[in-house]
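> Dropping in target_0.txt, which is compact mmCIF, C-alpha atoms:
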# COMPACT_ATOMS: atom_id res chain seq x y z
CA MET A 36 19.46 -22.43 17.41
CA ARG A 37 19.85 -20.35 20.56
CA TRP A 38 20.28 -23.34 22.86
CA GLY A 39 22.51 -25.07 20.32
CA SER A 40 24.88 -22.11 20.15
CA LEU A 41 25.06 -22.18 23.96
CA ILE A 42 25.52 -25.93 24.53
CA VAL A 43 27.72 -26.96 21.60
CA PRO A 44 30.79 -24.89 22.73
CA VAL A 45 30.47 -26.38 26.22
CA LEU A 46 30.46 -29.91 24.80
CA LEU A 47 33.50 -29.13 22.66
CA ALA A 48 35.36 -27.79 25.72
CA VAL A 49 34.46 -30.90 27.75
CA ALA A 50 35.66 -33.16 24.94
CA ASP A 51 38.90 -31.16 24.73
CA ALA A 52 39.44 -31.57 28.50
CA LEU A 53 38.86 -35.31 28.37
CA LEU A 54 41.10 -35.84 25.33
CA VAL A 55 43.98 -33.84 26.81
CA ASN A 56 43.80 -34.92 30.48
CA GLY A 57 42.11 -38.31 30.30
CA VAL A 58 39.12 -39.41 32.37
CA THR A 59 40.95 -39.67 35.70
CA LEU A 60 39.99 -36.89 38.08
CA GLY A 61 42.85 -34.66 39.09
CA LEU A 62 43.90 -31.03 39.24
CA GLU A 63 44.37 -30.75 35.48
CA LEU A 64 41.02 -32.35 34.59
CA ASN A 65 39.16 -30.47 37.34
CA VAL A 66 40.25 -26.99 36.23
CA SER A 67 39.56 -27.95 32.60
CA LEU A 68 35.99 -29.07 33.42
CA VAL A 69 35.38 -25.92 35.48
CA ALA A 70 36.52 -23.84 32.51
CA ALA A 71 34.14 -25.78 30.24
CA ALA A 72 31.18 -25.40 32.65
CA ALA A 73 31.81 -21.64 32.99
CA LEU A 74 31.02 -21.23 29.30
CA LEU A 75 27.32 -21.65 30.13
CA VAL A 76 27.19 -18.07 31.45
CA ARG A 77 29.72 -16.54 29.06
CA ARG A 78 27.15 -14.23 27.44
CA ARG A 79 26.09 -12.64 30.71
CA LEU A 80 29.57 -12.41 32.30
CA PRO A 81 32.08 -12.59 29.43
CA ALA A 82 35.06 -11.03 31.22
CA LEU A 83 34.61 -13.06 34.42
CA VAL A 84 34.16 -16.32 32.48
CA PHE A 85 37.35 -15.59 30.57
CA LEU A 86 39.28 -15.21 33.83
CA VAL A 87 37.83 -18.51 35.08
CA THR A 88 39.02 -20.33 31.95
CA LEU A 89 42.63 -19.12 32.21
CA PRO A 90 43.66 -21.83 34.71
CA GLY A 91 42.34 -24.39 32.22
CA ILE A 92 44.95 -23.45 29.60
CA LEU A 93 47.68 -22.82 32.19
CA ILE A 94 47.25 -26.04 34.21
CA GLY A 95 45.05 -28.30 32.09
CA TYR A 96 46.47 -27.38 28.66
CA VAL A 97 43.01 -27.01 27.07
CA TRP A 98 42.44 -24.51 24.29
CA PHE A 99 38.75 -24.50 23.41
CA ALA A 100 37.37 -23.05 26.66
CA PRO A 101 39.66 -19.96 26.93
CA MET A 102 39.53 -19.27 23.19
CA ILE A 103 35.71 -19.43 23.13
CA ALA A 104 35.59 -17.18 26.21
CA LEU A 105 37.94 -14.66 24.57
CA TYR A 106 35.81 -14.72 21.39
CA THR A 107 32.75 -13.92 23.51
CA VAL A 108 34.55 -11.00 25.16
CA ALA A 109 35.48 -9.55 21.75
CA ARG A 110 31.92 -9.94 20.47
CA CYS A 111 30.06 -8.66 23.55
CA ARG A 112 32.54 -6.21 25.14
CA PRO A 113 34.62 -4.67 22.34
CA ASP A 114 36.55 -2.37 24.65
CA ARG A 115 40.07 -1.79 23.33
CA TRP A 116 41.88 -1.94 26.66
CA LEU A 117 39.89 -4.96 27.81
CA LEU A 118 40.79 -6.82 24.64
CA TRP A 119 44.48 -5.92 24.93
CA ILE A 120 44.64 -7.10 28.54
CA SER A 121 42.68 -10.30 27.73
CA ALA A 122 45.01 -11.09 24.82
CA LEU A 123 48.10 -10.62 27.01
CA LEU A 124 46.65 -12.80 29.77
CA LEU A 125 45.80 -15.62 27.37
CA ALA A 126 49.20 -15.42 25.68
CA ALA A 127 50.96 -15.47 29.06
CA ALA A 128 48.86 -18.44 30.29
CA HIS A 129 49.71 -20.30 27.09
CA PHE A 130 53.40 -19.39 27.08
CA ILE A 131 54.23 -20.03 30.76
CA PRO A 132 54.41 -23.78 31.55
CA TRP A 133 52.95 -25.48 34.62
CA PRO A 134 54.65 -25.82 37.02
CA VAL A 135 56.57 -22.61 36.44
CA SER A 136 59.81 -24.28 37.52
CA ASP A 137 59.81 -26.22 34.22
CA PHE A 138 60.42 -23.03 32.26
CA GLU A 139 63.84 -23.06 30.51
CA PRO A 140 64.95 -19.56 29.44
CA THR A 141 67.77 -20.94 27.29
CA ALA A 142 65.47 -23.00 25.05
CA TYR A 143 65.21 -20.22 22.53
CA ARG A 144 63.77 -22.22 19.66
CA GLU A 145 60.97 -23.87 21.68
CA ASN A 146 60.19 -20.63 23.52
CA THR A 147 59.92 -18.72 20.22
CA LEU A 148 57.57 -21.30 18.71
CA THR A 149 55.47 -21.35 21.88
CA LEU A 150 55.30 -17.52 21.93
CA ILE A 151 54.15 -17.43 18.29
CA ASP A 152 51.56 -20.11 19.05
CA ALA A 153 50.38 -18.13 22.12
CA CYS A 154 50.02 -14.92 20.07
CA VAL A 155 47.98 -16.69 17.38
CA THR A 156 45.83 -18.34 20.06
CA SER A 157 45.04 -14.97 21.65
CA VAL A 158 44.67 -12.84 18.50
CA GLY A 159 42.54 -15.31 16.49
CA PRO A 160 39.47 -15.34 18.77
CA ILE A 161 39.56 -11.54 19.11
CA ALA A 162 39.68 -11.07 15.35
CA LEU A 163 36.82 -13.52 14.81
CA GLY A 164 34.71 -11.92 17.55
CA LEU A 165 35.19 -8.44 16.17
CA LEU A 166 34.40 -9.68 12.65
CA VAL A 167 31.11 -11.26 13.75
CA ARG A 168 30.17 -8.14 15.72
CA THR A 169 30.95 -5.89 12.77
CA ARG A 170 28.93 -8.13 10.47
CA GLY A 171 25.93 -7.86 12.81
CA GLU A 172 26.25 -4.08 12.98
CA LEU A 173 26.48 -3.88 9.18
CA ALA A 174 23.39 -6.07 8.83
CA ALA A 175 21.49 -3.83 11.23
CA ARG A 176 22.70 -0.74 9.37
CA ILE A 177 21.63 -2.23 6.03
CA GLU A 178 18.21 -2.99 7.49
CA ASP A 179 17.91 0.60 8.70
CA LEU A 180 18.97 1.89 5.31
CA THR A 181 16.45 -0.40 3.61
CA ARG A 182 13.73 0.85 5.92
CA SER A 183 14.75 4.45 5.26
CA ARG A 184 14.77 3.81 1.51
CA ARG A 185 11.31 2.27 1.71
CA HIS A 186 10.08 5.27 3.69
CA ALA A 187 11.63 7.61 1.13
CA ASP A 188 9.89 5.71 -1.68
CA GLU A 189 6.60 6.06 0.16
CA LEU A 190 7.16 9.79 0.54
CA ILE A 191 7.93 10.08 -3.17
CA ALA A 192 4.78 8.12 -4.00
CA GLU A 193 2.74 10.37 -1.72
CA ARG A 194 4.26 13.44 -3.35
CA VAL A 195 3.39 12.11 -6.81
CA LEU A 196 -0.12 11.36 -5.58
CA ALA A 197 -0.41 14.87 -4.16
CA THR A 198 0.72 16.33 -7.47
CA GLU A 199 -1.82 14.22 -9.33
CA ARG A 200 -4.53 15.27 -6.92
CA ALA A 201 -3.68 18.91 -7.44
CA ARG A 202 -3.81 18.42 -11.20
CA LEU A 203 -7.19 16.69 -10.94
CA ALA A 204 -8.40 19.48 -8.69
CA ARG A 205 -7.43 22.11 -11.23
CA GLU A 206 -9.07 20.17 -14.05
CA MET A 207 -12.22 19.67 -12.00
CA HIS A 208 -12.37 23.34 -11.21
CA ASP A 209 -11.75 24.38 -14.82
CA VAL A 210 -14.26 21.98 -16.38
CA VAL A 211 -17.08 21.53 -13.88
CA ALA A 212 -17.08 24.91 -12.19
CA HIS A 213 -17.31 26.71 -15.52
CA GLN A 214 -20.34 24.69 -16.60
CA VAL A 215 -22.10 25.06 -13.26
CA SER A 216 -21.42 28.80 -13.28
CA LEU A 217 -23.11 29.07 -16.69
CA ILE A 218 -26.10 27.16 -15.34
CA SER A 219 -26.30 29.55 -12.40
CA LEU A 220 -26.12 32.60 -14.67
CA GLN A 221 -28.77 31.24 -17.00
CA ALA A 222 -31.04 30.43 -14.08
CA GLY A 223 -30.57 33.95 -12.72
CA ALA A 224 -31.51 35.40 -16.08
CA VAL A 225 -34.65 33.26 -16.24
CA GLN A 226 -35.55 34.24 -12.68
CA ILE A 227 -35.42 37.92 -13.61
CA SER A 228 -37.14 37.74 -16.99
CA ALA A 229 -39.80 35.09 -16.35
CA GLU A 230 -43.30 36.36 -15.76
CA ASP A 231 -44.75 33.13 -14.36
CA ALA A 232 -44.25 32.81 -10.59
CA LYS A 233 -43.78 29.06 -10.84
CA ALA A 234 -41.08 29.50 -13.46
CA ARG A 235 -39.31 32.09 -11.33
CA GLU A 236 -39.44 29.74 -8.33
CA GLY A 237 -37.95 26.92 -10.42
CA ALA A 238 -35.21 29.20 -11.70
CA ARG A 239 -34.46 30.33 -8.14
CA THR A 240 -34.16 26.70 -7.04
CA ILE A 241 -31.83 25.91 -9.94
CA ARG A 242 -29.67 28.91 -9.09
CA GLU A 243 -29.50 27.97 -5.41
CA LEU A 244 -28.56 24.39 -6.28
CA SER A 245 -25.86 25.68 -8.62
CA VAL A 246 -24.39 27.90 -5.93
CA ARG A 247 -24.42 25.00 -3.47
CA THR A 248 -22.77 22.75 -6.04
CA LEU A 249 -20.01 25.32 -6.51
CA ASP A 250 -19.46 25.44 -2.76
CA GLU A 251 -19.25 21.65 -2.58
CA LEU A 252 -16.90 21.64 -5.54
CA ARG A 253 -14.64 24.20 -3.89
CA HIS A 254 -14.55 22.11 -0.76
CA MET A 255 -13.63 18.93 -2.66
CA VAL A 256 -10.95 20.80 -4.61
CA GLY A 257 -9.45 21.90 -1.31
CA ILE A 258 -9.38 18.32 -0.05
CA LEU A 259 -7.69 17.10 -3.21
CA ARG A 260 -5.07 19.83 -3.02
CA ALA A 261 -4.43 19.05 0.64
CA ALA A 262 -3.44 15.50 -0.46
CA GLY A 263 -5.02 13.91 2.58
CA GLY A 264 -3.17 16.08 5.11
CA ASP A 265 -4.58 18.24 7.87
CA HIS A 266 -6.63 21.05 6.44
CA GLU A 267 -9.27 23.44 7.52
CA GLU A 268 -12.78 23.08 6.17
CA LEU A 269 -13.30 25.55 3.36
CA THR A 270 -17.09 25.63 3.74
CA PRO A 271 -19.48 24.69 6.56
CA GLN A 272 -20.16 21.00 6.26
CA PRO A 273 -23.77 19.73 6.03
CA ARG A 274 -25.39 18.40 9.20
CA LEU A 275 -28.70 16.78 10.06
CA ALA A 276 -30.25 20.22 10.47
CA ASP A 277 -29.71 20.79 6.72
CA LEU A 278 -31.82 17.78 5.67
CA PRO A 279 -35.16 19.69 5.45
CA ARG A 280 -33.61 22.19 3.05
CA LEU A 281 -32.09 19.35 0.98
CA ILE A 282 -35.49 17.65 0.77
CA GLU A 283 -37.14 20.92 -0.19
CA LEU A 284 -34.71 21.43 -3.07
CA SER A 285 -34.93 17.83 -4.26
CA ALA A 286 -38.20 18.43 -6.19
CA LEU A 287 -39.46 15.02 -5.02
CA ASP A 288 -42.53 13.90 -3.09
CA VAL A 289 -40.71 13.33 0.20
CA HIS A 290 -42.13 12.73 3.66
CA TYR A 291 -39.54 13.52 6.35
CA GLU A 292 -39.75 11.90 9.78
CA THR A 293 -37.45 12.26 12.77
CA ASP A 294 -37.57 11.94 16.54
CA GLY A 295 -36.38 14.12 19.39
CA ALA A 296 -33.16 12.23 20.02
CA ALA A 297 -32.11 12.48 16.38
CA ARG A 298 -32.81 16.23 16.31
CA ARG A 299 -30.33 16.83 19.10
CA GLN A 300 -26.97 18.31 18.11
CA GLY A 301 -25.03 15.74 20.15
CA HIS A 302 -24.13 13.44 17.28
CA PRO A 303 -20.51 13.48 16.06
CA GLU A 304 -19.92 15.72 13.08
CA ALA A 305 -18.61 12.84 10.94
CA VAL A 306 -21.79 10.83 11.56
CA GLU A 307 -24.10 13.74 10.74
CA ARG A 308 -22.14 14.53 7.58
CA ALA A 309 -22.28 10.88 6.49
CA ALA A 310 -26.03 10.77 7.22
CA PHE A 311 -26.59 13.85 5.08
CA ARG A 312 -24.59 12.37 2.19
CA ILE A 313 -26.50 9.09 2.38
CA VAL A 314 -29.85 10.88 2.16
CA GLN A 315 -28.51 13.07 -0.66
CA GLU A 316 -27.29 10.09 -2.69
CA ALA A 317 -30.48 8.11 -2.04
CA LEU A 318 -32.66 10.99 -3.26
CA THR A 319 -30.46 11.30 -6.34
CA ASN A 320 -30.96 7.59 -7.05
CA VAL A 321 -34.73 8.00 -6.68
CA ARG A 322 -34.64 10.86 -9.16
CA LYS A 323 -32.65 8.72 -11.60
CA HIS A 324 -34.30 5.31 -11.31
CA ALA A 325 -37.77 5.88 -9.79
CA PRO A 326 -39.17 9.15 -11.14
CA GLY A 327 -42.46 10.16 -9.57
CA ALA A 328 -42.11 7.73 -6.63
CA ARG A 329 -43.14 8.70 -3.12
CA VAL A 330 -40.20 8.83 -0.72
CA THR A 331 -40.01 8.53 3.06
CA VAL A 332 -36.90 9.76 4.86
CA ARG A 333 -36.63 8.79 8.49
CA VAL A 334 -33.82 9.72 10.88
CA ASP A 335 -33.97 8.45 14.45
CA ALA A 336 -31.89 7.17 17.32
CA PRO A 337 -33.35 3.70 17.87
CA GLU A 338 -31.36 2.79 20.95
CA THR A 339 -31.90 5.32 23.73
CA GLU A 340 -32.39 5.06 27.42
CA ASP A 341 -33.88 7.49 29.89
CA THR A 342 -31.87 7.92 33.05
CA GLY A 343 -34.54 9.43 35.27
CA ALA A 344 -37.42 11.81 35.67
CA PRO A 345 -37.36 15.24 34.03
CA GLU A 346 -35.87 18.08 36.00
CA ALA A 347 -37.96 20.91 37.34
CA PRO A 348 -37.74 24.13 35.33
CA GLY A 349 -34.87 26.31 36.42
CA ALA A 350 -33.15 23.60 38.42
CA PRO A 351 -29.34 23.72 38.32
CA GLU A 352 -27.50 21.12 36.32
CA THR A 353 -26.17 18.34 38.50
CA PRO A 354 -24.38 15.20 37.41
CA GLY A 355 -26.39 12.05 37.74
CA GLY A 356 -26.00 8.38 37.00
CA ALA A 357 -22.86 6.44 36.39
CA GLY A 358 -21.99 8.44 33.32
CA GLY A 359 -22.28 11.87 35.00
CA ARG A 360 -25.52 12.80 33.14
CA ALA A 361 -28.19 15.01 34.55
CA PRO A 362 -31.48 13.32 35.50
CA GLY A 363 -33.84 13.11 32.58
CA GLU A 364 -31.08 13.45 29.99
CA GLU A 365 -31.18 10.95 27.14
CA GLU A 366 -28.01 9.30 25.93
CA THR A 367 -28.03 8.63 22.21
CA ARG A 368 -26.69 5.17 21.51
CA GLY A 369 -26.65 5.42 17.72
CA LEU A 370 -28.23 6.91 14.64
CA ARG A 371 -30.33 5.25 11.94
CA ILE A 372 -31.10 6.71 8.53
CA GLU A 373 -33.68 5.12 6.29
CA VAL A 374 -34.72 6.30 2.82
CA ARG A 375 -37.59 4.28 1.37
CA ASN A 376 -39.29 4.91 -1.94
CA GLY A 377 -42.23 3.30 -3.64
CA PRO A 378 -42.50 2.12 -7.21
CA PRO A 379 -41.91 4.69 -9.96
CA ASP A 380 -44.78 6.52 -11.56
CA ALA A 381 -45.43 5.09 -15.01
CA SER A 382 -46.52 8.48 -16.32
CA ALA A 383 -43.35 10.26 -15.14
CA VAL A 384 -40.54 10.86 -17.61
CA ALA A 385 -37.12 9.56 -16.62
CA PRO A 386 -34.58 12.39 -16.54
CA GLY A 387 -31.85 10.34 -18.23
CA LEU A 388 -29.15 11.40 -15.77
CA PRO A 389 -25.74 9.71 -16.06
CA SER A 390 -24.87 7.02 -13.52
CA GLY A 391 -21.50 5.50 -12.69
CA GLY A 392 -22.93 2.62 -10.66
CA HIS A 393 -20.70 3.34 -7.63
CA GLY A 394 -23.07 5.35 -5.43
CA LEU A 395 -24.17 2.57 -3.07
CA VAL A 396 -20.63 1.19 -2.90
CA GLY A 397 -19.32 4.57 -1.78
CA LEU A 398 -22.12 4.92 0.78
CA ARG A 399 -21.37 1.49 2.22
CA GLU A 400 -17.65 2.30 2.50
CA ARG A 401 -18.47 5.62 4.18
CA ALA A 402 -20.64 3.85 6.76
CA GLN A 403 -18.04 1.13 7.41
CA LEU A 404 -15.30 3.73 7.96
CA LEU A 405 -17.37 5.12 10.83
CA GLY A 406 -18.03 1.67 12.30
CA GLY A 407 -21.57 1.48 10.94
CA THR A 408 -23.46 -0.63 8.43
CA LEU A 409 -25.50 0.09 5.33
CA GLU A 410 -28.13 -2.13 3.73
CA ALA A 411 -29.86 -1.49 0.42
CA GLY A 412 -32.28 -3.54 -1.61
CA PRO A 413 -35.69 -3.73 -3.27
CA THR A 414 -38.91 -3.84 -1.26
CA GLU A 415 -41.95 -6.08 -1.70
CA GLU A 416 -43.96 -3.11 -2.98
CA GLY A 417 -41.63 -2.64 -5.94
CA GLY A 418 -39.63 0.18 -4.41
CA PHE A 419 -36.21 0.45 -2.86
CA VAL A 420 -34.87 1.05 0.64
CA VAL A 421 -31.52 2.31 1.91
CA ARG A 422 -30.88 1.88 5.63
CA ALA A 423 -27.74 2.92 7.51
CA ASP A 424 -26.91 2.44 11.20
CA PHE A 425 -24.12 4.34 12.94
CA PRO A 426 -22.68 3.74 16.43
CA LYS A 427 -22.57 6.37 19.14
CA THR A 428 -18.83 6.89 18.74
CA PRO A 429 -17.43 6.70 15.17
CA ARG A 430 -14.03 5.12 14.64
CA ALA A 431 -13.06 7.10 11.55
CA THR A 432 -10.49 9.83 11.95
CA GLY A 433 -10.39 11.26 8.47
CA PRO A 434 -13.00 13.15 6.52
CA SER A 435 -16.11 11.15 5.73
Taking this structure as input, can you express it in the form of structure tokens?

Amino acid sequence: MRWGSLIVPVLLAVADALLVNGVTLGLELNVSLVAAAALLVRRRLPALVFLVTLPGILIGYVWFAPMIALYTVARCRPDRWLLWISALLLAAAHFIPWPVSDFEPTAYRENTLTLIDACVTSVGPIALGLLVRTRGELAARIEDLTRSRRHADELIAERVLATERARLAREMHDVVAHQVSLISLQAGAVQISAEDAKAREGARTIRELSVRTLDELRHMVGILRAAGGDHEELTPQPRLADLPRLIELSALDVHYETDGAARRQGHPEAVERAAFRIVQEALTNVRKHAPGARVTVRVDAPETEDTGAPEAPGAPETPGGAGGRAPGEEETRGLRIEVRNGPPDASAVAPGLPSGGHGLVGLRERAQLLGGTLEAGPTEEGGFVVRADFPKTPRATGPS
């Protein structure tokens, strides 16, 4: 289409020159062909090309080349004074005969008809060029308005979503927080009144879990009310250092294993938070579906490399290696979390906790958002294993 719109006017101008002046080379045909050839660069130099085509209508009596050039000037250079001057030049070149000595001032009728024809020849291309330019500007404006309307619709949808989130947050706070608060109060009463030490310890654990649940609920309510925008954390978020306390409160037979690299505090906060949630959800699933099973929780950094020998005590920190690390410093390449449980104890009573069936799906999405992977499935011993691997640098930017 682009090359066609460039070549077709040139071919029309050449055909016009040949039909008017014949195929015999001469002054008239030469200036007409030059005018036709100049149309090849009319988009880059519209005003200059128009001046080159004027001899074609003055000497060679061709119309297509100067009219197309004037149309291009009106479309590409819509300057008022330029268009007025171009229209006068084209009308003059059309009105004045060649040679000039053939002009007869007393031929009023022919001169009037020629002047009207010259005015139409000069005004028509300008009007068409301005019309096409205006149509293009209107199309661009309509596209901008459509884009703005779409953006406004998205903002309205986000506002409706934010309102719905706030409503859900209020309902969650009113329904869940009230029930958990009652549990905490009842546990506190049992802790005070119970005479058995084991019962008091159980009541204390229930009360602590209730308080932690209220904190988590308050945090989630804040996220819902923020509608996905920037917000400050309402409570300290769990990290890997909080896993021992989580395991202690789980009331399960859990064996916790970790290595030195995983215990370091150099992991991104989003990764540590996701690791904590995965262990939390896995222990909840064990409590629901495998009561009495033995559980092994292992957190390690499987891909590490040592960059040198350990430093002497008290030595100053100096950059070493290509990455600017000190000698002996380990660079954690990733983090792996594995929760493995054995078969359930046949003598244990299932707690009958509700299950929505979306826990593992949510964990897998959480891992994928951070650029990691999560695998879950049964083991040969009749148990279940959940294994998640996270990269060194997560790619998620939002809360995990």
> Atom CA of A:Glu236 to atom CA of A:Ala222: how many Å, to one decimal?
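Here the two named atoms are 10.2 Å from each other.
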> Quick one: residues within 9 Å of stretch 396-402 of chain A, all atoms listed in the file counted, chain neighbours fewer than 4 positions away excluded, as a list of chain:residue names?
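With the cut-off at 9 Å, the set is A:Val306, A:Ala309, A:Ala310, A:Arg312, A:Ile313, A:Glu316, A:Gly392, A:Gly406, A:Gly407, A:Thr408, A:Leu409, A:Glu410, A:Ala423, A:Asp424, A:Phe425, A:Ser435.
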> Output C-alpha atoms for every residue in that selection, as a PDB file, keeping the file's coordinate frame.

ATOM      1  CA  VAL A 306     -21.790  10.830  11.560  1.00  0.00           C
ATOM      2  CA  ALA A 309     -22.280  10.880   6.490  1.00  0.00           C
ATOM      3  CA  ALA A 310     -26.030  10.770   7.220  1.00  0.00           C
ATOM      4  CA  ARG A 312     -24.590  12.370   2.190  1.00  0.00           C
ATOM      5  CA  ILE A 313     -26.500   9.090   2.380  1.00  0.00           C
ATOM      6  CA  GLU A 316     -27.290  10.090  -2.690  1.00  0.00           C
ATOM      7  CA  GLY A 392     -22.930   2.620 -10.660  1.00  0.00           C
ATOM      8  CA  GLY A 406     -18.030   1.670  12.300  1.00  0.00           C
ATOM      9  CA  GLY A 407     -21.570   1.480  10.940  1.00  0.00           C
ATOM     10  CA  THR A 408     -23.460  -0.630   8.430  1.00  0.00           C
ATOM     11  CA  LEU A 409     -25.500   0.090   5.330  1.00  0.00           C
ATOM     12  CA  GLU A 410     -28.130  -2.130   3.730  1.00  0.00           C
ATOM     13  CA  ALA A 423     -27.740   2.920   7.510  1.00  0.00           C
ATOM     14  CA  ASP A 424     -26.910   2.440  11.200  1.00  0.00           C
ATOM     15  CA  PHE A 425     -24.120   4.340  12.940  1.00  0.00           C
ATOM     16  CA  SER A 435     -16.110  11.150   5.730  1.00  0.00           C
TER      17      SER A 435
END
> With all atoms listed in the file as the atoms that count, which of A:Gly369, A:Gly171, A:Gly418, A:Gly412 lies nearest to A:Thr331?
A:Gly418
> With distances taken over all atoms listed in the file, which of A:Ile131, A:Leu173, A:Ala71, A:Met102 is nearest to A:Val158?
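For A:Val158, the nearest of the given residues is A:Met102.
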> Identify, on the basis of only C-alpha atoms, every residue whose closest approach to stretch 270-283 of chain A does not exceed 7 Å; exclude the query and any residue fewer than 2 positions from it along the same chain; express the result as a ChimeraX atom specification.
/A:250,254,268,285-286,289,307-308,311
> If you count only C-alpha atoms, which residues fall within 9 Å of A:Leu89, apart from same-chain ones fewer than 6 positions away, as an MDAnalysis selection string?
chainID A and resid 70 100:101 124:125 128:129
> Please, what distance in Å, to one decimal, runs between atom CA of A:Glu292 and atom CA of A:Asp335?
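Between these atoms lies a distance of 8.2 Å.
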> Pick from A:Thr198, A:Ser245, A:Thr428, A:Thr107: nearest to A:Pro303, with only C-alpha atoms counted?
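Going through A:Thr198, A:Ser245, A:Thr428, A:Thr107 one by one, the smallest distance to A:Pro303 is for A:Thr428.
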> What gap, in Å, lies between atom CA of A:Ser40 and atom CA of A:Leu105?
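These two atoms are separated by 15.7 Å.
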> Let me make sure I understand: among A:Gly223, A:Gly237, A:Gly394, A:Pro132, which one has the smallest atom-to-atom distance to A:Ala153 if we use all atoms listed in the file?
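For A:Ala153, the nearest of the candidates is A:Pro132.
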> Sorted by chain and rising residue number, list the residues of stretch 135-201 of chain A at most 10 Å from stretch 111-114 of chain A (counting all atoms listed in the file), each with its closest atom pair and distance in Å to one decimal, as JSON lines.

{"residue": "A:Ile161", "atom": "CA", "partner": "A:Pro113", "partner_atom": "CA", "distance": 9.1}
{"residue": "A:Gly164", "atom": "CA", "partner": "A:Cys111", "partner_atom": "CA", "distance": 8.3}
{"residue": "A:Leu165", "atom": "CA", "partner": "A:Pro113", "partner_atom": "CA", "distance": 7.3}
{"residue": "A:Arg168", "atom": "CA", "partner": "A:Cys111", "partner_atom": "CA", "distance": 7.8}
> Taking 6 positions as the minimum chain separation for residues in the same chain, which residues sit within 6 Å of A:Val374 when counting all atoms listed in the file? Answer as a PyMOL selection string.
chain A and resi 331-332+420-421
> A:Thr141, A:Gln403, A:Gln214, A:Gln221: which is nearest A:Arg239, counting only C-alpha atoms?
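Of the candidates, the smallest distance to A:Arg239 is held by A:Gln221.
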> Copy stretch 236-251 of chain A out of the block into a file, keeping N, CA and C atoms, as a compact mmCIF listing (two decimals), in the first residue's frame.

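Listing of out_32.txt after writing:
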# COMPACT_ATOMS: atom_id res chain seq x y z
N GLU A 236 -0.86 -25.48 79.98
CA GLU A 236 0.03 -25.29 78.83
C GLU A 236 -0.75 -25.34 77.52
N GLY A 237 -1.71 -26.27 77.42
CA GLY A 237 -2.54 -26.31 76.21
C GLY A 237 -3.37 -25.06 76.04
N ALA A 238 -3.93 -24.56 77.14
CA ALA A 238 -4.71 -23.33 77.04
C ALA A 238 -3.83 -22.15 76.66
N ARG A 239 -2.61 -22.12 77.19
CA ARG A 239 -1.68 -21.04 76.81
C ARG A 239 -1.35 -21.10 75.32
N THR A 240 -1.16 -22.30 74.81
CA THR A 240 -0.87 -22.45 73.37
C THR A 240 -2.05 -21.99 72.53
N ILE A 241 -3.27 -22.39 72.96
CA ILE A 241 -4.46 -21.95 72.21
C ILE A 241 -4.59 -20.43 72.23
N ARG A 242 -4.33 -19.82 73.35
CA ARG A 242 -4.43 -18.37 73.46
C ARG A 242 -3.38 -17.69 72.57
N GLU A 243 -2.17 -18.22 72.57
CA GLU A 243 -1.12 -17.62 71.74
C GLU A 243 -1.45 -17.76 70.26
N LEU A 244 -1.97 -18.93 69.87
CA LEU A 244 -2.37 -19.11 68.48
C LEU A 244 -3.51 -18.17 68.11
N SER A 245 -4.42 -17.94 69.03
CA SER A 245 -5.53 -17.03 68.75
C SER A 245 -5.03 -15.61 68.55
N VAL A 246 -4.11 -15.18 69.40
CA VAL A 246 -3.55 -13.84 69.26
C VAL A 246 -2.81 -13.71 67.94
N ARG A 247 -2.06 -14.75 67.56
CA ARG A 247 -1.34 -14.68 66.29
C ARG A 247 -2.31 -14.67 65.12
N THR A 248 -3.39 -15.43 65.24
CA THR A 248 -4.39 -15.42 64.17
C THR A 248 -5.02 -14.05 64.02
N LEU A 249 -5.28 -13.37 65.13
CA LEU A 249 -5.83 -12.02 65.05
C LEU A 249 -4.85 -11.06 64.40
N ASP A 250 -3.57 -11.22 64.69
CA ASP A 250 -2.57 -10.37 64.03
C ASP A 250 -2.54 -10.61 62.53
N GLU A 251 -2.56 -11.90 62.14
CA GLU A 251 -2.58 -12.22 60.71
C GLU A 251 -3.85 -11.69 60.05
